[in-house]
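This report refers to the structure that appears directly beneath it.
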Amino acid sequence: MSENLLEVKNLQVSFHTYAGEVHAVRGVTFHVDYGECMAIVGESGSGKTVTAKAILGLIEPPSGEVKKDSMILFDDKDILKFTDKQWRNYRGNDAAMIFQDPMTSLNPTMKIGRQITESIQMHNRMSKEEAHKRAFNLLEKVNIPNPGDRLNQYPYEFSGGMRQRVVIAIALACSPKLMIADEPTTALDVTIQAQIIKLLKEIQKNNNTSVIMITHDLGIVAGMADYISVMYAGRIVEQGTVFDIFNTPQHPYTYALLKAVPSLKNENKSELRIIPGTPPDLIAPPKGCGFANRCRYCMKVCGQMSPEYTELSGTHKAACWLHHPNARRAFGFDDVREVFEDGR
Amino acid sequence: MSETDATKLDMEMFTRVGVNEQRSEKLMRPSISYWQDAVRRLKKNKVAMASLFLLIFIILMCIFAPYIYPHPYNEQNIESTNQGPTWDHIFGLDNLGRDIFARIWVGGRVSLAIGVVGALVSLVVGVLYGGISAYFGGLVDDIMMRIVEILVGIPYMVVVIIVSVFLGKGMSSLLIALCLTSWTGLARLVRGQILELKESEYVMAANVLGTPTFKIITRHLIPNTLSIIIINTTFSIPGFIFSEAFLSFLGMGIQPPLTSWGAMASLGQQQMAYYPHELIFPALAISVTMLAFNLLGDGLRDAFDPKLRQ
Amino acid sequence: MADNDNQEILLHVEHLKKYFPVRNKETLMAVDDVSFDICKGETMGLVGESGCGKTTCGRTIIGLYRATGGCVEYKGKNVTKLDGKDKQWFKKNAQMIFQDPYASLDPRMTVGDIIAEGMANFNLYPNPKEREKRVQELLALVGLNKEHAGRFPHEFSGGQRQRIGIARALAVAPEFIICDEPISALDVSIQAQVVNLLMKLQRELKLTYLFIAHDLSMVKHISDKVGVMYMGRIVEMAASDELYSNPMHPYTKALLSAIPVPDPEIERGKTVLPIERSINCRNCSKKHKLNPVSP
């Protein structure tokens, strides 16, 4: 048995639209260990949600296409070759997803209790009473007070934060080994967000569930992730442990992202270091590095050829031409962060 | 990395270029407006396009056929009444020896005219009424909608009869009666849509920018309601055609010498047992035209639906 | 921070109230006795979670809602009860930037028409060629290309749309802009772009802002002073730095502790203060307002 619950290798996903083919994901490779939390960080359009959907088999042909070279192994099984029946067994049971907007993830005309038991009964042979009891326990687990009454209520009777907890309860219903959370707290207030993140951390620890957390909020990532993959323009530009990324970022985009968030210690009204421009439209994927147009350290080679990964340590890798020995020779630095700080 | 790639990586490639801000804001896709996108989607819908071409064909025939076809519509061939379809008289003759093919296209002019005029009048009245009711809201909206509800409760037959009593039977009283009662559906639809649009942020922004009410209605609210209006109008035309056919069938509508598909069907029904062709052709004309409009309306609704955009 | 006494007070809000009637004859007191001043050239931040009334407050000030009580004075004139020409004067001077970049632009209009809409209302640039030139200038001012004037909103990203919204507000040359959660719907790196743009425009065009948001770190960064709203009232108001280094109200403290900080050491070690939703702030808020801890 391999030590990784999930292995994604060279995932490529495209969408066929009126204007052409959009290469949403252009070769993504990562793995998630049992009980680990991997955060995928990126802006909108980076391909992070598409990656998550591919892991759950939610890329619909004919407009969506997962390319032939891609491979996703879950518990050593090649899920891209699943039959419909295998997908149904897998979704909800082995892997579950929490979506962004709690207002629209729940069926407004169905009682909460039934939405939870529906998922349970689909994957387990249980009587209605047993399923109901399990739903009750799940609501307790996600800290919803008065679970007995709440099971008979409709989604509109819950606040945003409570609804997201219900969504998490549904995701947990069959004790999945992998939970994917796609921007689970973006639509919630900051205080509620803190509670939901705390809940997700507990679930990860107590059930040894692996979590893939997709977000653009670096604060959440700092508190929750074990590993981070930074995505840009359909590719992973840097990957490492949480301390690798926050303490020693090695890619200009990662560095710029960290600098773009004002910290409470910043001088008031100082200019934020911004990343000019916008991400490229992936209908015409750039020839070289996707970040070239916006990178202040862009070199001639960056626009021509796509950089390969440099292994910076056992856990840390980045894809940037600045790591090439020629760059070092050209600009005379030891650590690439000298370039970032001085703008050398 | 292949060897040829490695040789390209000489020091010259590592000169700094920096950010290219103009290029980074460039839009890659061709510009496409909402309407162009809708037209493109409609073109892809084969059923809708076929219906559209069929309708265009019918309309052209109604306009031009009587000029081209050798037999006039009101010429009576007394010696060969009720004749079936032949190469000379394509659809045959009716009980007065008149050529049915010619009459179909002449009658079609009346039926289609009623359909289109009725729909257009409905459109103007319905949109204005619904728009005003929704924009002002409150008491104005309440009163206007109660009036609509009363009107909806009156069956149009009653209105037709009353109008006919005053204005006599015929095309004008038919049109007036139909228009009086049929705008209510569109009014309610437009009202619903505008009530929703009123709360959108771009309408609020227009308000904050100082845009006067009239301009907000014409520049923001109505264009964004147009898709609903177009779809509803396309569906209402067959409704008018059928109402006219039905009323003419009962003798309440078109009077001779004018003819319409409904009137032809009425005459044909009397001869149905022995000479079915006199009923079949007008009935087909009505059914096919209505079906084509409905299919086109379906296609338009799909084309305009923002959720189906790619 | 500049001495308030010598500065011209641009906006004066006094005991502002906005109530909405809801079912069962109850009233929702969205804004319940809010008072503050904003001086010319200043940025005031208004912060709070969803439902606290900050958006309603902004919309009532700009005139989208009719105030239930209290008054708003702009340059000394009472604008809550304005009509006709005076209202037009206020609208030209006070503009708003909206939250949702996907809903705040009319999808059927081109970008150029959207930006030019306000100009026609105040008869600025009646000559079409001049108007076109001004639209291009505005596009450049917010960092977009002049070719973009012929395109439609759906072709742009969230950040670009928000910049179009800013250009639209600037088209009528206002002095005061209410920014209603302008960056909440944007990605982090784009947020920084928009905030920098707003600060640059403030310096160049001498603008005054009321910045409404729920992201405390961004609000602190852009504002001179910040008011914290909870359940329709301002529970604490202080200069930016002061508020964050020395929060006094329990709600402010709880809010600050909940902000996730992009630093693994801090995040993994801290405890978040809980918020007791049942705290009834109605009694204590008045005392906080009346007891300024420092000027």
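Following the order of the structure tokens, first chain is A, next is B, and so on, with residues numbered from 1 inside each chain and ligands from 1 in the order they appear.
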
Can you work out which residues from chain A touch chain C at a cut-off of 9 Å (counting only C-alpha atoms) and hand them back as a PyMOL selection string? chain A and resi 42-44+188-195+216-224+242-243+246-247+256-264+266-278

With 6 Å as the limit and counting only C-alpha atoms, what residues in chain A lie close to chain B? Please list them as a list in words.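 That gives the following set of residues: Gly277, Asn293, Arg294, Cys295, Arg296, Tyr297, Cys298, Met299, Lys300, Val301 and Ala327 of chain A.
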
What does the file look like for those residues with C-alpha atoms, as an mmCIF file, in the first residue's frame?
data_model
loop_
_atom_site.group_PDB
_atom_site.id
_atom_site.type_symbol
_atom_site.label_atom_id
_atom_site.label_comp_id
_atom_site.auth_asym_id
_atom_site.auth_seq_id
_atom_site.Cartn_x
_atom_site.Cartn_y
_atom_site.Cartn_z
ATOM 1 C CA GLY A 277 -2.099 43.255 -14.510
ATOM 2 C CA ASN A 293 3.785 39.318 -18.022
ATOM 3 C CA ARG A 294 3.305 40.380 -14.433
ATOM 4 C CA CYS A 295 6.665 39.465 -12.919
ATOM 5 C CA ARG A 296 8.988 42.309 -12.090
ATOM 6 C CA TYR A 297 11.944 39.960 -12.379
ATOM 7 C CA CYS A 298 10.892 38.647 -15.779
ATOM 8 C CA MET A 299 13.787 37.694 -18.025
ATOM 9 C CA LYS A 300 13.923 37.005 -21.723
ATOM 10 C CA VAL A 301 13.865 33.270 -21.218
ATOM 11 C CA ALA A 327 20.373 33.525 -13.413
#

Would you list the contacts of Pro249 of chain A as a list in words, taking every protein, DNA or RNA residue within 12 Å and counting only C-alpha atoms, but skipping same-chain residues closer than 6 positions in sequence?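 Answer for this query is Ile228, Ser229, Val230, Val237, Glu238, Gln239, Gly240, Thr241, Val242, Phe243, Tyr255, Ala256, Leu257, Leu258, Lys259, Leu312, His316, Lys317, Ala318, Ala319, Cys320, Asp335, Val336, Arg337, Glu338, Val339, Phe340 and Glu341 of chain A.
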
Quick one: DSSP alpha helix (DSSP H) residues in segment 67-242 of chain A, as a compact mmCIF listing (two decimals) with N, CA and C atoms, in the first residue's frame?
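As written to disk, selection29.txt reads:
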# COMPACT_ATOMS: atom_id res chain seq x y z
N ASP A 84 -19.44 4.34 -14.03
CA ASP A 84 -20.42 5.17 -13.32
C ASP A 84 -20.70 4.64 -11.94
N LYS A 85 -20.80 3.32 -11.81
CA LYS A 85 -21.13 2.71 -10.52
C LYS A 85 -20.00 2.96 -9.52
N GLN A 86 -18.77 2.85 -10.01
CA GLN A 86 -17.64 3.08 -9.11
C GLN A 86 -17.60 4.54 -8.66
N TRP A 87 -17.92 5.45 -9.58
CA TRP A 87 -17.97 6.86 -9.19
C TRP A 87 -19.01 7.07 -8.09
N ARG A 88 -20.18 6.45 -8.24
CA ARG A 88 -21.23 6.66 -7.25
C ARG A 88 -20.81 6.15 -5.89
N ASN A 89 -20.06 5.03 -5.90
CA ASN A 89 -19.57 4.49 -4.63
C ASN A 89 -18.54 5.40 -3.99
N TYR A 90 -17.75 6.00 -4.87
CA TYR A 90 -16.62 6.81 -4.40
C TYR A 90 -17.07 8.15 -3.86
N PRO A 102 -22.88 28.41 1.13
CA PRO A 102 -23.81 27.57 1.88
C PRO A 102 -25.26 27.87 1.55
N MET A 103 -25.52 29.06 0.95
CA MET A 103 -26.91 29.37 0.63
C MET A 103 -27.44 28.47 -0.48
N THR A 104 -26.55 28.10 -1.41
CA THR A 104 -27.05 27.34 -2.56
C THR A 104 -26.66 25.88 -2.54
N SER A 105 -25.85 25.44 -1.53
CA SER A 105 -25.46 24.03 -1.54
C SER A 105 -26.53 23.13 -0.95
N ILE A 112 -33.50 19.32 6.69
CA ILE A 112 -32.07 19.04 6.90
C ILE A 112 -31.83 17.57 7.20
N GLY A 113 -32.67 17.03 8.06
CA GLY A 113 -32.49 15.64 8.46
C GLY A 113 -32.47 14.73 7.25
N ARG A 114 -33.42 14.99 6.34
CA ARG A 114 -33.52 14.12 5.18
C ARG A 114 -32.31 14.29 4.25
N GLN A 115 -31.78 15.51 4.19
CA GLN A 115 -30.63 15.71 3.31
C GLN A 115 -29.42 14.94 3.83
N ILE A 116 -29.33 14.82 5.15
CA ILE A 116 -28.19 14.07 5.69
C ILE A 116 -28.42 12.57 5.53
N THR A 117 -29.62 12.11 5.90
CA THR A 117 -29.86 10.66 5.86
C THR A 117 -29.85 10.14 4.42
N GLU A 118 -30.22 11.02 3.49
CA GLU A 118 -30.18 10.61 2.08
C GLU A 118 -28.80 10.12 1.69
N SER A 119 -27.79 10.90 2.12
CA SER A 119 -26.43 10.53 1.78
C SER A 119 -26.03 9.24 2.50
N ILE A 120 -26.44 9.13 3.76
CA ILE A 120 -26.06 7.94 4.55
C ILE A 120 -26.66 6.70 3.93
N GLN A 121 -27.96 6.77 3.63
CA GLN A 121 -28.64 5.56 3.17
C GLN A 121 -28.21 5.14 1.78
N MET A 122 -27.66 6.09 1.03
CA MET A 122 -27.23 5.73 -0.31
C MET A 122 -26.01 4.83 -0.25
N HIS A 123 -25.17 5.02 0.74
CA HIS A 123 -23.92 4.26 0.77
C HIS A 123 -23.91 3.14 1.80
N LYS A 128 -34.07 3.35 8.65
CA LYS A 128 -34.31 4.79 8.74
C LYS A 128 -33.97 5.32 10.13
N GLU A 129 -34.28 4.53 11.15
CA GLU A 129 -34.02 5.01 12.52
C GLU A 129 -32.52 5.15 12.76
N GLU A 130 -31.78 4.14 12.27
CA GLU A 130 -30.33 4.17 12.49
C GLU A 130 -29.72 5.37 11.76
N ALA A 131 -30.19 5.59 10.54
CA ALA A 131 -29.66 6.73 9.78
C ALA A 131 -29.98 8.03 10.50
N HIS A 132 -31.19 8.09 11.03
CA HIS A 132 -31.59 9.29 11.75
C HIS A 132 -30.71 9.54 12.96
N LYS A 133 -30.41 8.44 13.66
CA LYS A 133 -29.57 8.57 14.85
C LYS A 133 -28.19 9.06 14.45
N ARG A 134 -27.71 8.53 13.32
CA ARG A 134 -26.38 8.96 12.87
C ARG A 134 -26.39 10.44 12.49
N ALA A 135 -27.48 10.87 11.88
CA ALA A 135 -27.59 12.29 11.51
C ALA A 135 -27.56 13.15 12.77
N PHE A 136 -28.24 12.71 13.79
CA PHE A 136 -28.24 13.42 15.07
C PHE A 136 -26.82 13.55 15.61
N ASN A 137 -26.08 12.43 15.58
CA ASN A 137 -24.70 12.47 16.07
C ASN A 137 -23.84 13.42 15.25
N LEU A 138 -24.09 13.44 13.94
CA LEU A 138 -23.30 14.31 13.08
C LEU A 138 -23.55 15.77 13.42
N LEU A 139 -24.79 16.13 13.64
CA LEU A 139 -25.08 17.53 13.98
C LEU A 139 -24.43 17.90 15.31
N GLU A 140 -24.38 16.94 16.21
CA GLU A 140 -23.68 17.21 17.48
C GLU A 140 -22.20 17.43 17.22
N LYS A 141 -21.66 16.60 16.35
CA LYS A 141 -20.23 16.69 16.05
C LYS A 141 -19.86 18.05 15.49
N PRO A 147 -29.79 19.52 18.26
CA PRO A 147 -29.82 18.78 16.99
C PRO A 147 -31.15 18.11 16.73
N GLY A 148 -31.83 17.66 17.80
CA GLY A 148 -33.09 16.96 17.58
C GLY A 148 -34.10 17.84 16.86
N ASP A 149 -34.25 19.08 17.33
CA ASP A 149 -35.19 20.00 16.67
C ASP A 149 -34.69 20.37 15.29
N ARG A 150 -33.41 20.61 15.19
CA ARG A 150 -32.84 21.13 13.95
C ARG A 150 -33.00 20.17 12.78
N GLY A 160 -26.05 31.57 7.97
CA GLY A 160 -25.01 31.17 7.02
C GLY A 160 -24.00 30.22 7.63
N GLY A 161 -23.52 30.58 8.82
CA GLY A 161 -22.51 29.72 9.46
C GLY A 161 -23.07 28.35 9.81
N MET A 162 -24.31 28.32 10.27
CA MET A 162 -24.94 27.04 10.61
C MET A 162 -25.13 26.19 9.38
N ARG A 163 -25.52 26.84 8.29
CA ARG A 163 -25.71 26.09 7.05
C ARG A 163 -24.42 25.44 6.61
N GLN A 164 -23.34 26.16 6.75
CA GLN A 164 -22.07 25.59 6.34
C GLN A 164 -21.73 24.41 7.23
N ARG A 165 -22.09 24.49 8.51
CA ARG A 165 -21.86 23.33 9.38
C ARG A 165 -22.69 22.14 8.93
N VAL A 166 -23.92 22.40 8.50
CA VAL A 166 -24.76 21.30 8.01
C VAL A 166 -24.12 20.68 6.78
N VAL A 167 -23.61 21.54 5.90
CA VAL A 167 -22.94 21.02 4.70
C VAL A 167 -21.76 20.14 5.11
N ILE A 168 -21.03 20.56 6.11
CA ILE A 168 -19.90 19.75 6.59
C ILE A 168 -20.42 18.44 7.17
N ALA A 169 -21.53 18.51 7.90
CA ALA A 169 -22.10 17.27 8.46
C ALA A 169 -22.47 16.30 7.35
N ILE A 170 -23.08 16.82 6.28
CA ILE A 170 -23.44 15.94 5.16
C ILE A 170 -22.19 15.33 4.56
N ALA A 171 -21.14 16.15 4.43
CA ALA A 171 -19.91 15.64 3.84
C ALA A 171 -19.31 14.54 4.72
N LEU A 172 -19.48 14.68 6.04
CA LEU A 172 -18.90 13.71 6.96
C LEU A 172 -19.73 12.44 7.10
N VAL A 190 -16.06 37.00 9.52
CA VAL A 190 -14.74 36.61 10.05
C VAL A 190 -14.84 35.80 11.33
N THR A 191 -15.80 36.14 12.19
CA THR A 191 -15.89 35.39 13.45
C THR A 191 -16.44 33.99 13.21
N ILE A 192 -17.39 33.88 12.30
CA ILE A 192 -17.93 32.57 11.97
C ILE A 192 -16.85 31.75 11.27
N GLN A 193 -16.10 32.41 10.43
CA GLN A 193 -15.03 31.74 9.70
C GLN A 193 -14.07 31.07 10.66
N ALA A 194 -13.73 31.78 11.72
CA ALA A 194 -12.79 31.20 12.69
C ALA A 194 -13.36 29.93 13.29
N GLN A 195 -14.66 29.92 13.55
CA GLN A 195 -15.28 28.73 14.14
C GLN A 195 -15.27 27.57 13.16
N ILE A 196 -15.58 27.86 11.89
CA ILE A 196 -15.64 26.78 10.89
C ILE A 196 -14.25 26.18 10.69
N ILE A 197 -13.25 27.02 10.65
CA ILE A 197 -11.88 26.51 10.46
C ILE A 197 -11.49 25.63 11.64
N LYS A 198 -11.88 26.07 12.84
CA LYS A 198 -11.57 25.27 14.03
C LYS A 198 -12.23 23.91 13.91
N LEU A 199 -13.49 23.90 13.43
CA LEU A 199 -14.21 22.65 13.26
C LEU A 199 -13.52 21.73 12.27
N LEU A 200 -13.09 22.30 11.17
CA LEU A 200 -12.42 21.48 10.15
C LEU A 200 -11.13 20.89 10.69
N LYS A 201 -10.42 21.69 11.50
CA LYS A 201 -9.17 21.17 12.08
C LYS A 201 -9.45 20.00 13.00
N GLU A 202 -10.52 20.11 13.80
CA GLU A 202 -10.86 19.02 14.72
C GLU A 202 -11.18 17.76 13.94
N ILE A 203 -11.97 17.93 12.88
CA ILE A 203 -12.35 16.76 12.08
C ILE A 203 -11.12 16.09 11.51
N GLN A 204 -10.21 16.91 11.04
CA GLN A 204 -9.00 16.34 10.44
C GLN A 204 -8.24 15.53 11.48
N LYS A 205 -8.14 16.08 12.69
CA LYS A 205 -7.35 15.40 13.71
C LYS A 205 -8.07 14.16 14.24
N ASN A 206 -9.35 14.32 14.58
CA ASN A 206 -10.05 13.22 15.26
C ASN A 206 -10.33 12.04 14.35
N ASN A 207 -10.65 12.31 13.08
CA ASN A 207 -11.00 11.21 12.19
C ASN A 207 -9.87 10.81 11.27
N LEU A 218 -4.54 33.67 2.80
CA LEU A 218 -3.29 33.11 3.34
C LEU A 218 -3.34 32.95 4.84
N GLY A 219 -4.21 33.70 5.50
CA GLY A 219 -4.31 33.56 6.94
C GLY A 219 -4.85 32.19 7.32
N ILE A 220 -5.88 31.77 6.60
CA ILE A 220 -6.47 30.45 6.88
C ILE A 220 -5.44 29.37 6.60
N VAL A 221 -4.74 29.54 5.51
CA VAL A 221 -3.74 28.55 5.13
C VAL A 221 -2.67 28.43 6.22
N ALA A 222 -2.27 29.57 6.76
CA ALA A 222 -1.23 29.55 7.80
C ALA A 222 -1.68 28.75 9.00
N GLY A 223 -2.98 28.82 9.30
CA GLY A 223 -3.46 28.15 10.50
C GLY A 223 -3.75 26.68 10.30
N MET A 224 -4.01 26.29 9.05
CA MET A 224 -4.53 24.95 8.89
C MET A 224 -3.68 23.98 8.07
N VAL A 242 4.12 24.30 5.11
CA VAL A 242 3.60 25.64 5.40
C VAL A 242 4.74 26.57 5.84

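Taking atom CA of Cys179 of chain B and atom CA of Ile230 of chain B as the two end points, the separation is 17.4 Å.
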
Given only C-alpha atoms, how would the per-residue table for segment 89-202 of chain B near segment 285-302 of chain B read, listing every residue at most 12 Å away with its closest atom pair and distance in Å to one decimal, sorted by chain and number, as a Markdown table?
| residue | atom | partner | partner_atom | distance |
| --- | --- | --- | --- | --- |
| B:Phe91 | CA | B:Ala285 | CA | 11.8 |
| B:Ile100 | CA | B:Ala285 | CA | 11.6 |
| B:Phe101 | CA | B:Ala285 | CA | 10.7 |
| B:Arg103 | CA | B:Ala285 | CA | 11.3 |
| B:Ile104 | CA | B:Ala285 | CA | 7.7 |
| B:Trp105 | CA | B:Ala285 | CA | 9.4 |
| B:Val106 | CA | B:Ala285 | CA | 11.9 |
| B:Gly107 | CA | B:Ala285 | CA | 10.0 |
| B:Gly108 | CA | B:Ala285 | CA | 8.1 |
| B:Arg109 | CA | B:Ala285 | CA | 11.8 |
| B:Ser111 | CA | B:Ile286 | CA | 8.7 |
| B:Leu112 | CA | B:Thr289 | CA | 9.1 |
| B:Gly115 | CA | B:Met290 | CA | 10.2 |
| B:Val116 | CA | B:Phe293 | CA | 11.4 |

Restrict the selected residues to N, CA and C atoms and save them as a PDB file, in the first residue's frame.
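Once everything was written out, this is result12.pdb:
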ATOM      1  N   PHE B  91     -54.319  22.448 -54.236  1.00  0.00           N
ATOM      2  CA  PHE B  91     -55.031  21.976 -53.061  1.00  0.00           C
ATOM      3  C   PHE B  91     -56.488  21.618 -53.361  1.00  0.00           C
ATOM      4  N   ILE B 100     -58.386  26.419 -53.567  1.00  0.00           N
ATOM      5  CA  ILE B 100     -58.024  26.433 -52.149  1.00  0.00           C
ATOM      6  C   ILE B 100     -56.583  26.914 -51.941  1.00  0.00           C
ATOM      7  N   PHE B 101     -55.676  26.512 -52.841  1.00  0.00           N
ATOM      8  CA  PHE B 101     -54.280  26.923 -52.691  1.00  0.00           C
ATOM      9  C   PHE B 101     -54.185  28.445 -52.639  1.00  0.00           C
ATOM     10  N   ARG B 103     -56.561  30.539 -51.901  1.00  0.00           N
ATOM     11  CA  ARG B 103     -57.258  31.045 -50.732  1.00  0.00           C
ATOM     12  C   ARG B 103     -56.440  30.890 -49.450  1.00  0.00           C
ATOM     13  N   ILE B 104     -55.641  29.785 -49.429  1.00  0.00           N
ATOM     14  CA  ILE B 104     -54.801  29.581 -48.237  1.00  0.00           C
ATOM     15  C   ILE B 104     -53.860  30.775 -48.058  1.00  0.00           C
ATOM     16  N   TRP B 105     -53.231  31.220 -49.139  1.00  0.00           N
ATOM     17  CA  TRP B 105     -52.259  32.306 -48.990  1.00  0.00           C
ATOM     18  C   TRP B 105     -52.934  33.645 -48.764  1.00  0.00           C
ATOM     19  N   VAL B 106     -54.080  33.842 -49.357  1.00  0.00           N
ATOM     20  CA  VAL B 106     -54.807  35.090 -49.095  1.00  0.00           C
ATOM     21  C   VAL B 106     -55.356  35.096 -47.673  1.00  0.00           C
ATOM     22  N   GLY B 107     -55.902  33.946 -47.302  1.00  0.00           N
ATOM     23  CA  GLY B 107     -56.395  33.834 -45.935  1.00  0.00           C
ATOM     24  C   GLY B 107     -55.268  33.948 -44.927  1.00  0.00           C
ATOM     25  N   GLY B 108     -54.107  33.428 -45.342  1.00  0.00           N
ATOM     26  CA  GLY B 108     -52.946  33.513 -44.469  1.00  0.00           C
ATOM     27  C   GLY B 108     -52.565  34.949 -44.168  1.00  0.00           C
ATOM     28  N   ARG B 109     -52.741  35.810 -45.143  1.00  0.00           N
ATOM     29  CA  ARG B 109     -52.427  37.220 -44.901  1.00  0.00           C
ATOM     30  C   ARG B 109     -53.226  37.733 -43.723  1.00  0.00           C
ATOM     31  N   SER B 111     -54.809  35.927 -41.313  1.00  0.00           N
ATOM     32  CA  SER B 111     -54.486  35.250 -40.045  1.00  0.00           C
ATOM     33  C   SER B 111     -53.174  35.754 -39.472  1.00  0.00           C
ATOM     34  N   LEU B 112     -52.162  35.839 -40.336  1.00  0.00           N
ATOM     35  CA  LEU B 112     -50.857  36.282 -39.832  1.00  0.00           C
ATOM     36  C   LEU B 112     -50.908  37.744 -39.395  1.00  0.00           C
ATOM     37  N   GLY B 115     -52.346  37.899 -36.109  1.00  0.00           N
ATOM     38  CA  GLY B 115     -51.393  37.399 -35.124  1.00  0.00           C
ATOM     39  C   GLY B 115     -50.353  38.450 -34.793  1.00  0.00           C
ATOM     40  N   VAL B 116     -49.760  39.027 -35.823  1.00  0.00           N
ATOM     41  CA  VAL B 116     -48.657  39.962 -35.587  1.00  0.00           C
ATOM     42  C   VAL B 116     -49.150  41.272 -34.985  1.00  0.00           C
TER      43      VAL B 116
END

If we count only C-alpha atoms, which residues of chain B reach to within 8 Å of chain C? Please list them as a short mmCIF file (atom, residue, chain, number, x, y, z; two decimals) with N, CA and C atoms, in the first residue's frame.
data_model
loop_
_atom_site.label_atom_id
_atom_site.label_comp_id
_atom_site.auth_asym_id
_atom_site.auth_seq_id
_atom_site.Cartn_x
_atom_site.Cartn_y
_atom_site.Cartn_z
N GLN B 22 0.96 46.85 -20.47
CA GLN B 22 -0.07 46.96 -21.51
C GLN B 22 -0.53 45.59 -21.95
N GLU B 25 -2.94 43.58 -19.68
CA GLU B 25 -4.35 43.89 -19.56
C GLU B 25 -5.12 43.53 -20.83
N LYS B 26 -4.43 42.97 -21.82
CA LYS B 26 -5.08 42.76 -23.11
C LYS B 26 -6.17 41.68 -23.01
N LEU B 27 -7.25 41.90 -23.74
CA LEU B 27 -8.32 40.91 -23.76
C LEU B 27 -8.11 39.99 -24.95
N SER B 31 -14.58 40.24 -29.22
CA SER B 31 -15.67 40.89 -28.51
C SER B 31 -17.00 40.30 -28.94
N ILE B 32 -17.85 40.03 -27.99
CA ILE B 32 -19.15 39.49 -28.37
C ILE B 32 -20.21 40.06 -27.44
N SER B 33 -21.19 40.70 -28.01
CA SER B 33 -22.21 41.29 -27.16
C SER B 33 -23.23 40.21 -26.81
N TYR B 34 -24.12 40.56 -25.89
CA TYR B 34 -25.15 39.63 -25.46
C TYR B 34 -25.99 39.15 -26.63
N SER B 200 -31.33 45.73 -8.64
CA SER B 200 -29.95 45.38 -8.98
C SER B 200 -29.03 46.56 -8.77
N GLU B 201 -27.76 46.26 -8.59
CA GLU B 201 -26.82 47.30 -8.24
C GLU B 201 -26.60 48.30 -9.36
N TYR B 202 -26.74 47.87 -10.62
CA TYR B 202 -26.49 48.85 -11.67
C TYR B 202 -27.63 49.86 -11.78
N VAL B 203 -28.81 49.47 -11.36
CA VAL B 203 -29.90 50.45 -11.33
C VAL B 203 -29.65 51.42 -10.17
N MET B 204 -29.17 50.89 -9.05
CA MET B 204 -28.83 51.77 -7.93
C MET B 204 -27.75 52.74 -8.33
N ALA B 205 -26.76 52.22 -9.07
CA ALA B 205 -25.66 53.09 -9.50
C ALA B 205 -26.20 54.20 -10.39
N ALA B 206 -27.13 53.86 -11.30
CA ALA B 206 -27.70 54.88 -12.19
C ALA B 206 -28.40 55.95 -11.38
N ASN B 207 -29.09 55.52 -10.34
CA ASN B 207 -29.76 56.44 -9.43
C ASN B 207 -28.79 57.40 -8.78
N VAL B 208 -27.69 56.81 -8.25
CA VAL B 208 -26.68 57.63 -7.58
C VAL B 208 -26.02 58.60 -8.57
N LEU B 209 -25.92 58.17 -9.84
CA LEU B 209 -25.29 59.03 -10.84
C LEU B 209 -26.20 60.16 -11.28
N GLY B 210 -27.45 60.13 -10.79
CA GLY B 210 -28.34 61.22 -11.14
C GLY B 210 -29.16 60.97 -12.41
N THR B 211 -29.19 59.74 -12.89
CA THR B 211 -29.95 59.46 -14.11
C THR B 211 -31.44 59.60 -13.82
N PRO B 212 -32.15 60.38 -14.66
CA PRO B 212 -33.58 60.55 -14.38
C PRO B 212 -34.36 59.26 -14.59
N HIS B 220 -31.98 51.12 -18.97
CA HIS B 220 -31.53 49.99 -18.16
C HIS B 220 -32.56 48.90 -18.04
N PRO B 223 -34.16 47.34 -21.83
CA PRO B 223 -33.25 46.47 -22.59
C PRO B 223 -32.98 45.15 -21.89
N ASN B 224 -32.94 45.17 -20.56
CA ASN B 224 -32.68 43.92 -19.88
C ASN B 224 -33.92 43.05 -19.76
#

List as a PyMOL selection string the protein and nucleic acid residues near Lys146 of chain C, meaning an atom at most 8 Å away when only C-alpha atoms are counted, but skip any in the same chain fewer than 6 places from it. chain C and resi 136+139-140

Please identify all polymer residues within 12 Å of Val124 of chain B, counting only C-alpha atoms, omitting same-chain residues fewer than 2 positions from it, and present them as a list in words. Val117, Gly118, Ala119, Leu120, Val121, Ser122, Gly126, Val127, Leu128, Tyr129, Gly130, Gly131, Cys179, Ser182, Trp183, Thr184, Leu186, Ala187, Val190, Ile222, Ile229, Ile230 and Thr233 of chain B
